[in-house]
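**Q** Sharing final.txt, compact mmCIF, C-alpha atoms:
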# COMPACT_ATOMS: atom_id res chain seq x y z
CA MET F 158 -6.79 31.93 -16.70
CA THR F 159 -5.80 33.03 -13.19
CA GLY F 160 -7.43 35.80 -11.22
CA SER F 161 -4.72 38.20 -12.38
CA GLY F 162 -5.54 37.50 -16.01
CA GLU F 163 -2.36 35.50 -16.63
CA PHE F 164 -2.45 32.23 -18.53
CA GLU F 165 -2.84 29.18 -16.28
CA PRO F 166 -1.72 25.83 -17.72
CA GLU F 167 -4.48 23.21 -17.78
CA SER F 168 -2.61 20.91 -15.40
CA GLU F 169 -2.26 23.72 -12.84
CA ARG F 170 -5.95 24.61 -13.13
CA VAL F 171 -6.95 20.98 -12.61
CA THR F 172 -4.53 20.64 -9.69
CA ARG F 173 -5.93 23.75 -8.04
CA LEU F 174 -9.51 22.58 -8.53
CA LEU F 175 -8.91 19.09 -7.14
CA ARG F 176 -6.80 20.47 -4.27
CA ASP F 177 -9.58 22.84 -3.23
CA GLU F 178 -12.20 20.10 -3.43
CA ILE F 179 -10.10 17.78 -1.26
CA ILE F 180 -9.26 20.43 1.35
CA ASP F 181 -12.86 21.69 1.39
CA GLY F 182 -14.17 18.16 1.89
CA VAL F 183 -16.05 18.00 -1.42
CA ARG F 184 -14.02 14.90 -2.31
CA GLU F 185 -14.05 12.80 0.82
CA PRO F 186 -11.15 10.72 2.18
CA GLY F 187 -10.93 7.40 0.37
CA SER F 188 -12.73 8.70 -2.72
CA LYS F 189 -11.42 7.23 -5.97
CA LEU F 190 -9.71 9.54 -8.42
CA VAL F 191 -9.75 7.76 -11.79
CA GLU F 192 -8.02 9.51 -14.69
CA ARG F 193 -10.65 8.60 -17.28
CA GLU F 194 -13.58 9.61 -15.06
CA LEU F 195 -11.98 12.89 -13.98
CA ALA F 196 -11.11 13.79 -17.57
CA ALA F 197 -14.75 13.33 -18.59
CA GLU F 198 -16.03 15.21 -15.52
CA LEU F 199 -13.73 18.20 -16.02
CA GLY F 200 -13.77 18.22 -19.80
CA VAL F 201 -10.04 17.83 -20.28
CA SER F 202 -7.66 15.21 -21.63
CA ARG F 203 -6.13 12.61 -19.34
CA LEU F 204 -2.66 14.21 -19.41
CA PRO F 205 -3.46 17.21 -17.14
CA ILE F 206 -5.34 14.85 -14.83
CA ARG F 207 -2.29 12.60 -14.60
CA GLU F 208 -0.02 15.58 -13.89
CA ALA F 209 -2.44 16.95 -11.29
CA LEU F 210 -2.61 13.63 -9.45
CA LYS F 211 1.19 13.42 -9.36
CA ALA F 212 1.36 16.93 -7.90
CA LEU F 213 -1.26 16.12 -5.25
CA VAL F 214 0.60 12.95 -4.27
CA THR F 215 3.69 15.11 -3.72
CA GLU F 216 1.63 17.56 -1.64
CA GLY F 217 0.43 14.69 0.56
CA LEU F 218 -3.28 14.94 -0.29
CA VAL F 219 -3.59 11.91 -2.56
CA THR F 220 -2.46 8.29 -2.25
CA PRO F 221 -1.42 6.63 -5.53
CA ARG F 222 -2.79 3.29 -6.67
CA PRO F 223 -1.61 1.03 -9.51
CA ARG F 224 -2.08 2.15 -13.10
CA THR F 225 -4.38 5.12 -13.69
CA TRP F 226 -6.12 5.95 -10.43
CA ALA F 227 -5.56 7.19 -6.91
CA VAL F 228 -7.58 7.94 -3.79
CA VAL F 229 -8.06 10.99 -1.62
CA ARG F 230 -5.76 10.48 1.34
CA GLU F 231 -7.29 9.27 4.57
CA PHE F 232 -5.33 10.99 7.33
CA THR F 233 -4.91 8.60 10.25
CA PRO F 234 -4.78 9.80 13.87
CA ALA F 235 -1.00 9.29 13.68
CA ASP F 236 -0.84 11.47 10.54
CA VAL F 237 -2.79 14.22 12.29
CA GLU F 238 -0.56 13.98 15.36
CA ASP F 239 2.54 14.30 13.16
CA LEU F 240 1.13 17.37 11.44
CA ASP F 241 0.13 18.90 14.76
CA GLU F 242 3.61 18.36 16.20
CA VAL F 243 5.19 20.11 13.22
CA ARG F 244 2.68 22.93 13.45
CA ALA F 245 3.40 23.35 17.17
CA ALA F 246 7.14 23.49 16.54
CA LEU F 247 6.86 26.16 13.87
CA GLU F 248 3.86 28.27 14.77
CA THR F 249 5.04 29.98 17.96
CA LEU F 250 8.28 30.97 16.23
CA THR F 251 6.36 32.23 13.21
CA PHE F 252 4.01 34.41 15.27
CA ARG F 253 6.90 35.76 17.35
CA LEU F 254 8.88 36.77 14.27
CA ALA F 255 5.76 38.27 12.69
CA ALA F 256 5.23 40.47 15.75
CA GLN F 257 8.85 41.62 15.57
CA ARG F 258 9.05 42.17 11.82
CA ARG F 259 5.56 43.04 10.64
CA THR F 260 5.12 45.90 8.17
CA ARG F 261 2.19 48.21 7.56
CA ALA F 262 1.44 46.58 4.21
CA GLY F 263 1.65 43.15 5.79
CA LEU F 264 -0.74 44.16 8.56
CA GLU F 265 -3.22 45.40 5.98
CA LYS F 266 -3.13 42.06 4.22
CA LEU F 267 -3.50 40.22 7.53
CA ARG F 268 -6.47 42.41 8.45
CA ALA F 269 -8.12 41.62 5.12
CA ASP F 270 -7.70 37.88 5.75
CA LEU F 271 -9.15 38.26 9.24
CA ASP F 272 -12.12 40.34 8.06
CA ALA F 273 -12.90 37.72 5.41
CA GLU F 274 -12.79 35.01 8.07
CA LEU F 275 -14.98 36.94 10.51
CA LYS F 276 -17.55 37.65 7.77
CA ALA F 277 -17.66 34.01 6.68
CA ALA F 278 -17.86 32.76 10.26
CA ASP F 279 -20.74 35.13 10.97
CA LYS F 280 -22.60 33.68 7.98
CA GLY F 281 -21.77 30.11 8.96
CA ASP F 282 -19.89 29.59 5.70
CA ALA F 283 -17.40 26.93 6.80
CA VAL F 284 -15.58 26.62 3.48
CA ARG F 285 -14.84 30.34 3.18
CA ALA F 286 -14.04 30.67 6.89
CA HIS F 287 -11.55 27.79 6.75
CA ARG F 288 -9.93 29.18 3.60
CA ALA F 289 -9.60 32.65 5.12
CA ALA F 290 -8.20 31.17 8.35
CA ALA F 291 -5.54 29.32 6.36
CA ASP F 292 -4.80 32.53 4.42
CA PHE F 293 -4.34 34.29 7.78
CA HIS F 294 -1.73 31.76 8.87
CA GLU F 295 0.10 31.96 5.54
CA THR F 296 0.21 35.75 5.74
CA VAL F 297 1.66 35.50 9.25
CA THR F 298 4.43 33.35 7.75
CA GLU F 299 5.08 36.07 5.18
CA LEU F 300 5.28 38.67 7.95
CA ALA F 301 7.86 36.53 9.77
CA ASP F 302 10.19 37.34 6.86
CA ASN F 303 12.25 34.18 7.14
CA GLU F 304 13.07 32.46 3.88
CA LEU F 305 13.47 29.01 5.42
CA LEU F 306 10.06 29.26 7.08
CA ASN F 307 8.60 30.24 3.71
CA GLU F 308 10.20 27.19 2.11
CA LEU F 309 8.82 24.89 4.80
CA GLN F 310 5.41 26.51 4.44
CA SER F 311 5.49 25.88 0.70
CA THR F 312 6.25 22.19 1.26
CA LEU F 313 3.56 21.75 3.91
CA ARG F 314 0.95 24.21 2.65
CA SER F 315 -1.70 21.80 1.38
CA ARG F 316 -1.55 19.50 4.40
CA MET F 317 -1.58 22.45 6.81
CA ARG F 318 -4.57 24.00 5.04
CA TRP F 319 -6.32 20.66 5.45
CA LEU F 320 -5.37 20.51 9.14
CA LEU F 321 -6.55 24.06 9.79
CA GLY F 322 -9.95 23.13 8.36
CA GLN F 323 -10.54 20.31 10.84
CA HIS F 324 -12.79 22.23 13.23
CA ASP F 325 -16.37 23.45 13.43
CA ASP F 326 -15.93 26.40 15.82
CA LEU F 327 -15.75 29.08 13.12
CA GLY F 328 -16.45 32.01 15.43
CA GLY F 329 -14.12 30.87 18.19
CA VAL F 330 -11.15 30.42 15.89
CA ALA F 331 -11.82 33.76 14.20
CA GLN F 332 -11.88 35.51 17.58
CA GLU F 333 -8.54 33.94 18.51
CA HIS F 334 -7.15 35.22 15.22
CA GLU F 335 -8.44 38.68 16.16
CA GLY F 336 -6.39 38.55 19.35
CA LEU F 337 -3.32 37.35 17.50
CA TYR F 338 -3.73 40.13 14.96
CA ARG F 339 -3.84 42.78 17.72
CA ALA F 340 -0.74 41.34 19.39
CA ILE F 341 1.16 41.38 16.09
CA ALA F 342 0.01 44.93 15.35
CA GLU F 343 1.19 46.06 18.81
CA ARG F 344 4.49 44.16 18.50
CA ASP F 345 3.53 42.36 21.71
CA VAL F 346 5.95 39.43 21.45
CA ALA F 347 5.19 37.92 24.86
CA GLY F 348 1.46 38.27 24.26
CA VAL F 349 1.54 36.72 20.82
CA GLU F 350 3.54 33.72 22.11
CA GLN F 351 0.96 33.13 24.84
CA LEU F 352 -1.94 33.48 22.41
CA ALA F 353 -0.27 31.22 19.85
CA GLY F 354 0.11 28.49 22.48
CA LYS F 355 -3.56 28.79 23.40
CA HIS F 356 -4.51 28.76 19.72
CA LEU F 357 -2.65 25.48 19.19
CA VAL F 358 -4.53 23.87 22.08
CA THR F 359 -7.87 25.15 20.76
CA GLY F 360 -7.17 23.76 17.31
CA ARG F 361 -6.05 20.40 18.69
CA ASN F 362 -9.15 20.05 20.89
CA ALA F 363 -11.53 21.17 18.16
CA ALA F 364 -10.08 18.72 15.65
CA ALA F 365 -10.31 15.89 18.18
CA ALA F 366 -13.95 16.75 18.91
CA ARG F 367 -14.73 16.76 15.21
CA ARG F 368 -13.12 13.37 14.66
CA LYS F 369 -15.04 11.94 17.63
CA SER F 370 -18.34 13.21 16.23
CA GLN F 371 -17.58 11.56 12.89
CA ASP F 372 -16.79 8.14 14.40
For the file at hand, write its structure as structure tokens.

**A**
Amino acid sequence: MTGSGEFEPESERVTRLLRDEIIDGVREPGSKLVERELAAELGVSRLPIREALKALVTEGLVTPRPRTWAVVREFTPADVEDLDEVRAALETLTFRLAAQRRTRAGLEKLRADLDAELKAADKGDAVRAHRAAADFHETVTELADNELLNELQSTLRSRMRWLLGQHDDLGGVAQEHEGLYRAIAERDVAGVEQLAGKHLVTGRNAAAARRKSQD
């Protein structure tokens, strides 16, 4: 069942669970994903596992292997650079449109995402802070009110959520989101463009520092 009480197909539930575990770092890059083992672990048949793995391959989080297994994708420095370039191309436009087109209801949703991130960051809860930060960015895309941007976001969502979680400065990122929220609320287009550019640099530097510490 979903949070709204609607029926959730088994394959979608398994996909959501595995996706969250990969993005949250529970299943580390290079980890094997074997149909038989996952079915036993999650208490389901192999069919929803197979369907979930296919979906996660399409989302760019899993690399297929022959027969009945796969591995959690290991993003190379080139992969990260590609993602960052796409993010840089889209994000300033997205924030600018959000500042121009935001609605009261949209701002309320954005504020809720930000408050969740600030609370998690204050507690040092990296998983919840990263999730809320990604929610913040997705809500900004909704506020931009551009159907093509929404379509691109849908295609890239899982990889972008992974990318947005590649930092350890929970409080710093949350504070930058606070500034972006204020600029959107004030319809400060010039200000939000400047802040978005700074935010991209912060994210890029933080991710690089994290990768260096893991080497």

**Q** How many Å lie between atom CA of F:Glu274 and atom CA of F:Glu333, rounded to one decimal?

**A** 11.3 Å

**Q** Measuring between all atoms listed in the file, which one of F:Asp181, F:Ile206, F:Asn303, F:Arg176 shows the shortest distance to F:Gln257?

**A**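 Under the stated criterion, the closest residue is F:Asn303.
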
**Q** Identify which of the residues F:Ala256, F:Leu250, F:Val284, F:Val243 lies closest to F:Gly348, counting only C-alpha atoms when measuring atom-to-atom distances.

**A**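 Nearest to F:Gly348: F:Ala256.
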
**Q** From the set F:Thr298, F:Glu194, F:Ala347, F:Leu313, which residue has the shortest atom-to-atom contact distance to F:Gly217, counting only C-alpha atoms?

**A**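 Closest candidate: F:Leu313.
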
**Q** Using all atoms listed in the file, can you tell me which of F:Thr220, F:Ala342, F:Leu352, F:Glu304 comes closest to F:Leu267?

**A**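 Distance minimum relative to F:Leu267 lands on F:Ala342.
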
**Q** List every protein, DNA or RNA residue that has at least one atom no more than 12 Å from (-18.1, 33.4, 5.7) in the file's coordinates, counting only C-alpha atoms, and write the result as a ChimeraX atom specification.

**A** /F:270-290,327-328,331

**Q** Considering only C-alpha atoms, return as a PyMOL selection string whatever protein or nucleic-acid residues lie within 7 Å of stretch 165-173 of chain F, sequence-local ones (same chain, fewer than 2 positions apart) excluded.

**A** chain F and resi 158-159+163+175-177+205-206+208-209

**Q** Using only C-alpha atoms, which protein or nucleic acid residues come within 12 Å of F:His356? Drop anything in the same chain fewer than 3 positions from it, and give the result as an MDAnalysis selection string.

**A** chainID F and resid 241 244:245 248:249 252 294 321 329:337 349:353 359:363

**Q** Can you pull out every residue within 9 Å of F:Thr296, counting only C-alpha atoms, but drop anything in the same chain fewer than 4 positions away, and send it as a list of chain:residue names?

**A** F:Gly263, F:Leu264, F:Lys266, F:Leu267, F:Asp270, F:Ala291, F:Asp292, F:Leu300, F:Ala301

**Q** Work out how far atom CA of F:Arg207 is from atom CA of F:Ala227, in Å to one decimal.

**A** 10.0 Å

**Q** Would you compute the box with edges along x, y and z of the file around stretch 268-274 of chain F, including every atom the file lists for it and 4 Å extra on each side, and give its centre and edge lengths in Å to one decimal, as AutoDock Vina command-line options?

**A**
--center_x -9.7 --center_y 38.7 --center_z 7.2 --size_x 14.4 --size_y 15.4 --size_z 12.1

**Q** Neighbours of F:Arg203 within 7 Å (all atoms listed in the file; same-chain residues fewer than 4 positions away dropped), as a ChimeraX atom specification?

**A** /F:192-193,196,207

**Q** Any chance you could export the current selection's C-alpha atoms as an mmCIF file, in the frame of the given file?

**A**
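Done, and the output landed in result34.cif:
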data_model
loop_
_atom_site.group_PDB
_atom_site.id
_atom_site.type_symbol
_atom_site.label_atom_id
_atom_site.label_comp_id
_atom_site.auth_asym_id
_atom_site.auth_seq_id
_atom_site.Cartn_x
_atom_site.Cartn_y
_atom_site.Cartn_z
ATOM 1 C CA GLU F 192 -8.020 9.510 -14.690
ATOM 2 C CA ARG F 193 -10.650 8.600 -17.280
ATOM 3 C CA ALA F 196 -11.110 13.790 -17.570
ATOM 4 C CA ARG F 207 -2.290 12.600 -14.600
#

**Q** Between atom CA of F:Gln323 and atom CA of F:Arg367, what is the spacing in Å?

**A**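 Between atom CA of F:Arg367 and atom CA of F:Gln323 the gap is 7.0 Å.
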
**Q** Taking all atoms listed in the file into account, name the residue in F:Ala235, F:Val183, F:Glu295, F:Leu190 that is nearest to F:Ser315.

**A** F:Glu295

**Q** Please determine, counting only C-alpha atoms, which residue among F:Thr260, F:Asn307, F:Thr312, F:Thr225 has the shortest atom-to-atom distance to F:Arg344.

**A**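 Among F:Thr260, F:Asn307, F:Thr312, F:Thr225, it is F:Thr260 that comes nearest to F:Arg344.
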
**Q** Can you complete the atoms of stretch 303-327 of chain F to N, CA, C and O atoms and list them as a short mmCIF file (atom, residue, chain, number, x, y, z; two decimals), in the frame of the given file?

**A**
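Final output, saved to selection.cif:
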data_model
loop_
_atom_site.label_atom_id
_atom_site.label_comp_id
_atom_site.auth_asym_id
_atom_site.auth_seq_id
_atom_site.Cartn_x
_atom_site.Cartn_y
_atom_site.Cartn_z
N ASN F 303 11.17 35.15 7.00
CA ASN F 303 12.25 34.18 7.14
C ASN F 303 12.14 33.23 5.95
O ASN F 303 11.15 32.52 5.81
N GLU F 304 13.15 33.22 5.12
CA GLU F 304 13.07 32.46 3.88
C GLU F 304 12.91 30.96 4.12
O GLU F 304 12.19 30.28 3.40
N LEU F 305 13.59 30.44 5.14
CA LEU F 305 13.47 29.01 5.42
C LEU F 305 12.05 28.65 5.87
O LEU F 305 11.50 27.62 5.47
N LEU F 306 11.45 29.50 6.69
CA LEU F 306 10.06 29.26 7.08
C LEU F 306 9.15 29.28 5.86
O LEU F 306 8.20 28.48 5.76
N ASN F 307 9.40 30.19 4.93
CA ASN F 307 8.60 30.24 3.71
C ASN F 307 8.75 28.96 2.90
O ASN F 307 7.79 28.45 2.32
N GLU F 308 9.97 28.43 2.84
CA GLU F 308 10.20 27.19 2.11
C GLU F 308 9.46 26.02 2.76
O GLU F 308 8.86 25.19 2.09
N LEU F 309 9.53 25.95 4.09
CA LEU F 309 8.82 24.89 4.80
C LEU F 309 7.32 25.03 4.61
O LEU F 309 6.61 24.04 4.42
N GLN F 310 6.83 26.26 4.65
CA GLN F 310 5.41 26.51 4.44
C GLN F 310 4.97 26.04 3.06
O GLN F 310 3.91 25.44 2.88
N SER F 311 5.81 26.29 2.06
CA SER F 311 5.49 25.88 0.70
C SER F 311 5.36 24.36 0.61
O SER F 311 4.45 23.83 -0.03
N THR F 312 6.27 23.66 1.29
CA THR F 312 6.25 22.19 1.26
C THR F 312 5.03 21.63 1.98
O THR F 312 4.43 20.64 1.54
N LEU F 313 4.63 22.27 3.06
CA LEU F 313 3.56 21.75 3.91
C LEU F 313 2.20 22.39 3.66
O LEU F 313 1.21 22.00 4.29
N ARG F 314 2.15 23.37 2.76
CA ARG F 314 0.95 24.21 2.65
C ARG F 314 -0.35 23.43 2.54
O ARG F 314 -1.31 23.67 3.28
N SER F 315 -0.43 22.49 1.61
CA SER F 315 -1.70 21.80 1.38
C SER F 315 -2.14 21.01 2.60
O SER F 315 -3.31 21.04 3.00
N ARG F 316 -1.19 20.29 3.23
CA ARG F 316 -1.55 19.50 4.40
C ARG F 316 -1.92 20.40 5.58
O ARG F 316 -2.84 20.07 6.36
N MET F 317 -1.24 21.54 5.72
CA MET F 317 -1.58 22.45 6.81
C MET F 317 -2.93 23.11 6.57
O MET F 317 -3.70 23.32 7.53
N ARG F 318 -3.25 23.43 5.32
CA ARG F 318 -4.57 24.00 5.04
C ARG F 318 -5.65 22.97 5.38
O ARG F 318 -6.72 23.32 5.90
N TRP F 319 -5.36 21.71 5.08
CA TRP F 319 -6.32 20.66 5.45
C TRP F 319 -6.46 20.60 6.97
O TRP F 319 -7.58 20.57 7.50
N LEU F 320 -5.34 20.60 7.68
CA LEU F 320 -5.37 20.51 9.14
C LEU F 320 -6.13 21.67 9.75
O LEU F 320 -6.92 21.49 10.67
N LEU F 321 -5.91 22.87 9.23
CA LEU F 321 -6.55 24.06 9.79
C LEU F 321 -8.06 24.08 9.53
O LEU F 321 -8.78 24.87 10.14
N GLY F 322 -8.52 23.21 8.64
CA GLY F 322 -9.95 23.13 8.36
C GLY F 322 -10.67 22.07 9.17
O GLY F 322 -11.88 21.86 8.99
N GLN F 323 -9.94 21.40 10.07
CA GLN F 323 -10.54 20.31 10.84
C GLN F 323 -11.17 20.78 12.15
O GLN F 323 -10.84 20.31 13.24
N HIS F 324 -12.06 21.76 12.04
CA HIS F 324 -12.79 22.23 13.23
C HIS F 324 -14.12 22.81 12.78
O HIS F 324 -14.32 23.14 11.62
N ASP F 325 -15.04 22.91 13.72
CA ASP F 325 -16.37 23.45 13.43
C ASP F 325 -16.64 24.76 14.16
O ASP F 325 -17.67 25.39 13.94
N ASP F 326 -15.72 25.18 15.03
CA ASP F 326 -15.93 26.40 15.82
C ASP F 326 -15.43 27.62 15.03
O ASP F 326 -14.38 28.20 15.33
N LEU F 327 -16.19 28.01 14.02
CA LEU F 327 -15.75 29.08 13.12
C LEU F 327 -15.56 30.39 13.87
O LEU F 327 -14.55 31.08 13.70
#
